[in-house]
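S.K.: I have a structure I would like to understand better, so I am pasting it below and will then ask my questions one at a time.
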Amino acid sequence: MTNNLKRILAVDDEPSMRRLLEISLRQAGYQPILASDGMEALFALRKGGVDLVVSDLHMPGMDGLSLLKKMREENLQIPIIIVTAKGEVASAVDAMKLGASDYIQRPFDLETLEIAIDKAFSVSRLKTENAFLRDETQKTDGDLIGNSIAMQHVKKLIQQVAPEKATVFLVGETGTGKELVAQAIHQNSPRSNALFVALNCAAIPAEMMESELFGHERGAFTGAIKERIGKFEMADGGTLFLDEITEMPIALQAKLLRALQENVIERLGSNHTISVDIRVIAATNRDPMEAIKEGKLREDLYYRLNVFQIQIPLLRERYGDIPLLTRYFLSRKKKDISTGALDSLSQYQWPGNVRELENVLERAAIVCKGNEISLHDLHLDSKNVDLSEPIISGKSLAQPHFVKDQASLSVPAATEVLEKEMIAEALNRTNGNKSKAARLLEISERSLWYKVSKYNLGD
């Protein structure tokens, strides 16, 4: 049976005191490990798997302060509580200066010990979170910009799934904003006060990914000079976002599946299991079923992750959002944009999606000599400009024939009617062959599946 209790190392040279600590720690719900002096404690710490130390101050050989100094020299960043006798306030202060989490005086009761342990774990958790937030370099906005039908549908799905703990699988091309959707789910969930931790599986070398996920103990491999907390532990109580999941080594996917099923992990170099409570959101820019066929994604992991799937629309499928996105990005640069330039952005096919739009506008803001970006500043690739797309920023929109049958001049409603008619016609011409229909419509097959489901055009 797997033991998921926190492991606390109790260090004291008196057998009776070690026994008292052992009994007290078991009653408090922890797994005690015993050591009779500082050297024995240090040996246990070097083996790994210790979550906290409770050490007597005065011991023959290596005392409590010496143990604390040695732990810090060896980068053993484990919280430690020092046990002192009455009247040893100066020694306790010295221990706190060296990094002790707290101190308690003899004689103490179980409640005093429990309070000190809870406090030490809380402080350790806060330090971990603060270190993560300091190291976080990705600056993204939590708001999803866009009022198109496609984005309204995504926002509705986010509101439906956010309050639940169910895993979510995001599917969409690179640059469509999968991480923003994941952040929106987290921010609207009961876990919003805890960390949102993201890991791009495509950006981490395969040999380092297990350590990134699960952490490692000191000495677990060459170069592991100190213990490291992995993304799973950082996200405990919050949300873990695994981007480009199909780029994770297939062997590691089996370990990920076990962690998700059992809610426990093991750091590299340790046989001690750690319980975690996280919500996982995974994402891919591939067709998941094709990835399974190609051996890039375990089928059992896919079904474990794909409890609730959200298809992220391409930017060229939500061209009505381009003016909103453009104004949003340019507001941070304090720049405006000409009507002609905005029209060109609306006619561009955007193979790189929203990320490409942001990069184009950032470059344009740099080269622009005034306060208004012109068509000349954009440098768009002409082969990706589709003049058949409607110009949405000007006043001379040609009236489509289907508008005559509409009760209002609502562009979103009219666009939805036309889109549904075109998809139905393409499916009719190809006898329901979705691959051929997608080519006829000049959209991806994944997008067609999404729209067929959206408009209830399936068999």
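Here's how to read the names in the structure tokens: chain A, B, ... by the order shown, residue numbers from 1 in each chain, ligand numbers from 1 in the order shown.
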Can you list, as a PyMOL selection string, every protein, DNA or RNA residue that comes within 6 Å of range 204-214 of chain A when you count only C-alpha atoms, leaving out same-chain residues fewer than 3 positions away?
M.R.: chain A and resi 201+230-232+267
S.K.: Using backbone DSSP assignments, extract all helix (DSSP H, G or I) residues from range 211-329 of chain A; output them as a ChimeraX atom specification.
M.R.: /A:211-214,231-234,245-247,250-262,288-293,299-305,315-317,319-329
S.K.: May I have the residues within 7 Å of His216 in chain A as a list of chain:residue names, using only C-alpha atoms and disregarding those fewer than 4 positions away in the same chain?
M.R.: A:Ser211, A:Ala220, A:Glu227, A:Arg228, A:Ile229, A:Arg267, A:Leu268, A:Gly269
S.K.: Pull the strand (DSSP E) assignments for range 64-220 of chain A out of DSSP run on the backbone, and list those residues as a VMD selection string.
M.R.: chain A and resid 80 to 84 102 to 105 168 to 171 196 to 200
S.K.: Go ahead and save the picked residues with N, CA and C atoms, as a PDB file, in the first residue's frame.
M.R.:
```pdb
ATOM      1  N   ILE A  80      13.033  23.380   8.900  1.00  0.00           N
ATOM      2  CA  ILE A  80      13.511  22.753  10.137  1.00  0.00           C
ATOM      3  C   ILE A  80      12.996  23.524  11.343  1.00  0.00           C
ATOM      4  N   ILE A  81      12.525  22.794  12.327  1.00  0.00           N
ATOM      5  CA  ILE A  81      12.062  23.356  13.599  1.00  0.00           C
ATOM      6  C   ILE A  81      13.070  22.943  14.674  1.00  0.00           C
ATOM      7  N   ILE A  82      13.559  23.902  15.427  1.00  0.00           N
ATOM      8  CA  ILE A  82      14.552  23.650  16.466  1.00  0.00           C
ATOM      9  C   ILE A  82      13.847  23.548  17.829  1.00  0.00           C
ATOM     10  N   VAL A  83      14.213  22.517  18.591  1.00  0.00           N
ATOM     11  CA  VAL A  83      13.669  22.327  19.941  1.00  0.00           C
ATOM     12  C   VAL A  83      14.707  22.825  20.943  1.00  0.00           C
ATOM     13  N   THR A  84      14.323  23.776  21.786  1.00  0.00           N
ATOM     14  CA  THR A  84      15.242  24.375  22.767  1.00  0.00           C
ATOM     15  C   THR A  84      14.720  24.181  24.185  1.00  0.00           C
ATOM     16  N   ASP A 102      11.093  27.696  12.616  1.00  0.00           N
ATOM     17  CA  ASP A 102      10.486  28.056  13.900  1.00  0.00           C
ATOM     18  C   ASP A 102      11.271  27.356  15.011  1.00  0.00           C
ATOM     19  N   TYR A 103      10.923  27.660  16.256  1.00  0.00           N
ATOM     20  CA  TYR A 103      11.492  26.933  17.381  1.00  0.00           C
ATOM     21  C   TYR A 103      10.400  26.723  18.416  1.00  0.00           C
ATOM     22  N   ILE A 104      10.518  25.646  19.166  1.00  0.00           N
ATOM     23  CA  ILE A 104       9.590  25.375  20.263  1.00  0.00           C
ATOM     24  C   ILE A 104      10.417  25.027  21.492  1.00  0.00           C
ATOM     25  N   GLN A 105       9.855  25.327  22.669  1.00  0.00           N
ATOM     26  CA  GLN A 105      10.580  25.103  23.928  1.00  0.00           C
ATOM     27  C   GLN A 105      10.061  23.863  24.638  1.00  0.00           C
ATOM     28  N   VAL A 168      -9.296  19.034 -19.022  1.00  0.00           N
ATOM     29  CA  VAL A 168      -9.741  19.687 -20.257  1.00  0.00           C
ATOM     30  C   VAL A 168      -8.672  19.498 -21.315  1.00  0.00           C
ATOM     31  N   PHE A 169      -9.102  19.220 -22.544  1.00  0.00           N
ATOM     32  CA  PHE A 169      -8.179  19.028 -23.662  1.00  0.00           C
ATOM     33  C   PHE A 169      -8.456  20.109 -24.701  1.00  0.00           C
ATOM     34  N   LEU A 170      -7.450  20.962 -24.947  1.00  0.00           N
ATOM     35  CA  LEU A 170      -7.580  22.065 -25.897  1.00  0.00           C
ATOM     36  C   LEU A 170      -6.906  21.680 -27.207  1.00  0.00           C
ATOM     37  N   VAL A 171      -7.620  21.850 -28.308  1.00  0.00           N
ATOM     38  CA  VAL A 171      -7.085  21.518 -29.623  1.00  0.00           C
ATOM     39  C   VAL A 171      -7.138  22.762 -30.499  1.00  0.00           C
ATOM     40  N   PHE A 196      -1.357  28.856 -11.285  1.00  0.00           N
ATOM     41  CA  PHE A 196      -1.515  28.322 -12.637  1.00  0.00           C
ATOM     42  C   PHE A 196      -0.101  28.090 -13.152  1.00  0.00           C
ATOM     43  N   VAL A 197       0.269  26.821 -13.351  1.00  0.00           N
ATOM     44  CA  VAL A 197       1.631  26.461 -13.738  1.00  0.00           C
ATOM     45  C   VAL A 197       1.595  25.877 -15.144  1.00  0.00           C
ATOM     46  N   ALA A 198       2.365  26.464 -16.054  1.00  0.00           N
ATOM     47  CA  ALA A 198       2.385  26.023 -17.451  1.00  0.00           C
ATOM     48  C   ALA A 198       3.705  25.352 -17.787  1.00  0.00           C
ATOM     49  N   LEU A 199       3.627  24.285 -18.570  1.00  0.00           N
ATOM     50  CA  LEU A 199       4.814  23.594 -19.061  1.00  0.00           C
ATOM     51  C   LEU A 199       4.629  23.329 -20.545  1.00  0.00           C
ATOM     52  N   ASN A 200       5.521  23.900 -21.376  1.00  0.00           N
ATOM     53  CA  ASN A 200       5.498  23.652 -22.814  1.00  0.00           C
ATOM     54  C   ASN A 200       6.363  22.429 -23.088  1.00  0.00           C
TER      55      ASN A 200
END
```
S.K.: Of the residues A:Thr174, A:Thr284, A:Ser91, A:Thr222, which is the one nearest to Leu242 in chain A, using only C-alpha atoms?
M.R.: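 Result for the nearest residue to Leu242 in chain A: A:Thr284.
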S.K.: Using only C-alpha atoms, tabulate the residues of range 211-249 of chain A lying at most 9 Å from any atom of range 46-70 of chain A, each with its closest atom pair and that distance in Å to one decimal, by chain and increasing residue number, as CSV.
M.R.:
```
residue,atom,partner,partner_atom,distance
A:Glu217,CA,A:Gly48,CA,5.9
A:Arg218,CA,A:Arg46,CA,7.2
A:Gly219,CA,A:Arg46,CA,8.4
A:Glu227,CA,A:Gly48,CA,8.4
```
S.K.: At a cut-off of 7 Å, using only C-alpha atoms, what residues contact range 304-319 of chain A? Leave out same-chain residues fewer than 6 positions from it and give the result as a ChimeraX atom specification.
M.R.: /A:148,150,166-173,176,178,282,346,349-350,353-354,450
S.K.: Could you save those same residues with all heavy atoms as a short mmCIF file (atom, residue, chain, number, x, y, z; two decimals), in the first residue's frame?
M.R.:
```
data_model
loop_
_atom_site.label_atom_id
_atom_site.label_comp_id
_atom_site.auth_asym_id
_atom_site.auth_seq_id
_atom_site.Cartn_x
_atom_site.Cartn_y
_atom_site.Cartn_z
N SER A 148 -16.79 37.28 -31.83
CA SER A 148 -17.29 36.47 -32.93
C SER A 148 -18.09 35.29 -32.39
O SER A 148 -17.99 34.94 -31.21
CB SER A 148 -16.14 35.96 -33.79
OG SER A 148 -15.30 35.11 -33.02
N ALA A 150 -17.64 32.21 -33.01
CA ALA A 150 -16.71 31.17 -32.59
C ALA A 150 -16.18 31.43 -31.18
O ALA A 150 -16.08 30.52 -30.36
CB ALA A 150 -15.56 31.06 -33.58
N ALA A 166 -12.84 18.44 -13.79
CA ALA A 166 -12.56 17.59 -14.94
C ALA A 166 -11.37 18.11 -15.74
O ALA A 166 -11.16 19.32 -15.88
CB ALA A 166 -13.79 17.54 -15.85
N THR A 167 -10.56 17.17 -16.26
CA THR A 167 -9.46 17.56 -17.13
C THR A 167 -10.02 18.09 -18.44
O THR A 167 -11.08 17.67 -18.90
CB THR A 167 -8.54 16.36 -17.42
OG1 THR A 167 -9.32 15.28 -17.94
CG2 THR A 167 -7.82 15.91 -16.17
N VAL A 168 -9.30 19.03 -19.02
CA VAL A 168 -9.74 19.69 -20.26
C VAL A 168 -8.67 19.50 -21.32
O VAL A 168 -7.47 19.60 -21.03
CB VAL A 168 -10.00 21.19 -20.02
CG1 VAL A 168 -10.49 21.86 -21.30
CG2 VAL A 168 -11.01 21.39 -18.90
N PHE A 169 -9.10 19.22 -22.54
CA PHE A 169 -8.18 19.03 -23.66
C PHE A 169 -8.46 20.11 -24.70
O PHE A 169 -9.56 20.20 -25.23
CB PHE A 169 -8.38 17.64 -24.28
CG PHE A 169 -7.20 17.15 -25.07
CD1 PHE A 169 -6.04 16.74 -24.44
CD2 PHE A 169 -7.24 17.10 -26.45
CE1 PHE A 169 -4.95 16.28 -25.16
CE2 PHE A 169 -6.17 16.64 -27.18
CZ PHE A 169 -5.01 16.23 -26.54
N LEU A 170 -7.45 20.96 -24.95
CA LEU A 170 -7.58 22.06 -25.90
C LEU A 170 -6.91 21.68 -27.21
O LEU A 170 -5.76 21.24 -27.20
CB LEU A 170 -6.94 23.33 -25.33
CG LEU A 170 -7.39 23.76 -23.93
CD1 LEU A 170 -6.65 25.02 -23.51
CD2 LEU A 170 -8.89 24.00 -23.89
N VAL A 171 -7.62 21.85 -28.31
CA VAL A 171 -7.09 21.52 -29.62
C VAL A 171 -7.14 22.76 -30.50
O VAL A 171 -8.19 23.38 -30.65
CB VAL A 171 -7.89 20.37 -30.28
CG1 VAL A 171 -7.31 20.02 -31.65
CG2 VAL A 171 -7.90 19.15 -29.39
N GLY A 172 -6.00 23.13 -31.06
CA GLY A 172 -5.97 24.31 -31.92
C GLY A 172 -4.58 24.54 -32.48
O GLY A 172 -3.58 24.11 -31.89
N GLU A 173 -4.52 25.23 -33.60
CA GLU A 173 -3.24 25.51 -34.23
C GLU A 173 -2.35 26.35 -33.32
O GLU A 173 -2.82 27.01 -32.39
CB GLU A 173 -3.45 26.26 -35.55
CG GLU A 173 -3.90 25.40 -36.71
CD GLU A 173 -3.90 26.16 -38.02
OE1 GLU A 173 -3.44 27.34 -38.05
OE2 GLU A 173 -4.36 25.60 -39.03
N THR A 176 -3.14 30.16 -31.59
CA THR A 176 -4.58 30.46 -31.47
C THR A 176 -4.95 30.93 -30.06
O THR A 176 -6.08 31.40 -29.85
CB THR A 176 -5.42 29.24 -31.83
OG1 THR A 176 -4.92 28.09 -31.14
CG2 THR A 176 -5.39 28.97 -33.32
N LYS A 178 -4.20 28.99 -26.93
CA LYS A 178 -4.60 27.87 -26.06
C LYS A 178 -4.27 28.16 -24.59
O LYS A 178 -5.04 27.83 -23.70
CB LYS A 178 -3.92 26.58 -26.53
CG LYS A 178 -4.35 26.13 -27.93
CD LYS A 178 -3.80 24.77 -28.31
CE LYS A 178 -2.31 24.79 -28.58
NZ LYS A 178 -1.94 25.58 -29.75
N ALA A 282 -4.62 20.03 -20.79
CA ALA A 282 -3.63 19.69 -21.80
C ALA A 282 -4.01 20.33 -23.12
O ALA A 282 -5.17 20.68 -23.35
CB ALA A 282 -3.52 18.17 -21.95
N SER A 346 -7.59 42.43 -42.18
CA SER A 346 -8.81 41.63 -42.21
C SER A 346 -8.86 40.69 -43.41
O SER A 346 -9.62 39.72 -43.40
CB SER A 346 -10.03 42.56 -42.24
OG SER A 346 -10.04 43.40 -41.11
N GLN A 349 -4.66 35.90 -44.36
CA GLN A 349 -5.08 34.55 -43.96
C GLN A 349 -4.53 34.10 -42.60
O GLN A 349 -5.01 33.15 -42.03
CB GLN A 349 -4.67 33.54 -45.04
CG GLN A 349 -5.49 33.63 -46.30
CD GLN A 349 -6.97 33.36 -46.02
OE1 GLN A 349 -7.36 32.26 -45.69
NE2 GLN A 349 -7.79 34.40 -46.12
N TRP A 350 -3.49 34.73 -42.10
CA TRP A 350 -2.95 34.50 -40.77
C TRP A 350 -2.60 33.03 -40.48
O TRP A 350 -3.22 32.39 -39.62
CB TRP A 350 -3.89 35.03 -39.68
CG TRP A 350 -4.11 36.50 -39.80
CD1 TRP A 350 -5.24 37.14 -40.17
CD2 TRP A 350 -3.12 37.53 -39.60
NE1 TRP A 350 -5.05 38.50 -40.22
CE2 TRP A 350 -3.75 38.77 -39.87
CE3 TRP A 350 -1.77 37.52 -39.22
CZ2 TRP A 350 -3.08 39.97 -39.78
CZ3 TRP A 350 -1.11 38.73 -39.14
CH2 TRP A 350 -1.76 39.93 -39.41
N ASN A 353 -1.89 32.75 -36.89
CA ASN A 353 -2.99 33.08 -35.99
C ASN A 353 -2.74 34.34 -35.15
O ASN A 353 -2.04 35.25 -35.61
CB ASN A 353 -3.33 31.87 -35.13
CG ASN A 353 -3.89 30.73 -35.97
OD1 ASN A 353 -4.98 30.85 -36.52
ND2 ASN A 353 -3.13 29.65 -36.12
N VAL A 354 -3.29 34.40 -33.94
CA VAL A 354 -3.24 35.62 -33.13
C VAL A 354 -1.80 36.00 -32.80
O VAL A 354 -1.45 37.19 -32.77
CB VAL A 354 -4.06 35.45 -31.84
CG1 VAL A 354 -3.98 36.72 -30.99
CG2 VAL A 354 -5.51 35.12 -32.17
N TYR A 450 -15.42 20.71 -36.22
CA TYR A 450 -15.94 21.63 -35.20
C TYR A 450 -17.23 22.31 -35.67
O TYR A 450 -18.22 22.38 -34.95
CB TYR A 450 -14.86 22.69 -34.89
CG TYR A 450 -15.37 23.91 -34.15
CD1 TYR A 450 -15.72 23.85 -32.80
CD2 TYR A 450 -15.51 25.13 -34.82
CE1 TYR A 450 -16.18 24.96 -32.14
CE2 TYR A 450 -15.99 26.24 -34.16
CZ TYR A 450 -16.31 26.17 -32.81
OH TYR A 450 -16.79 27.26 -32.17
#
```
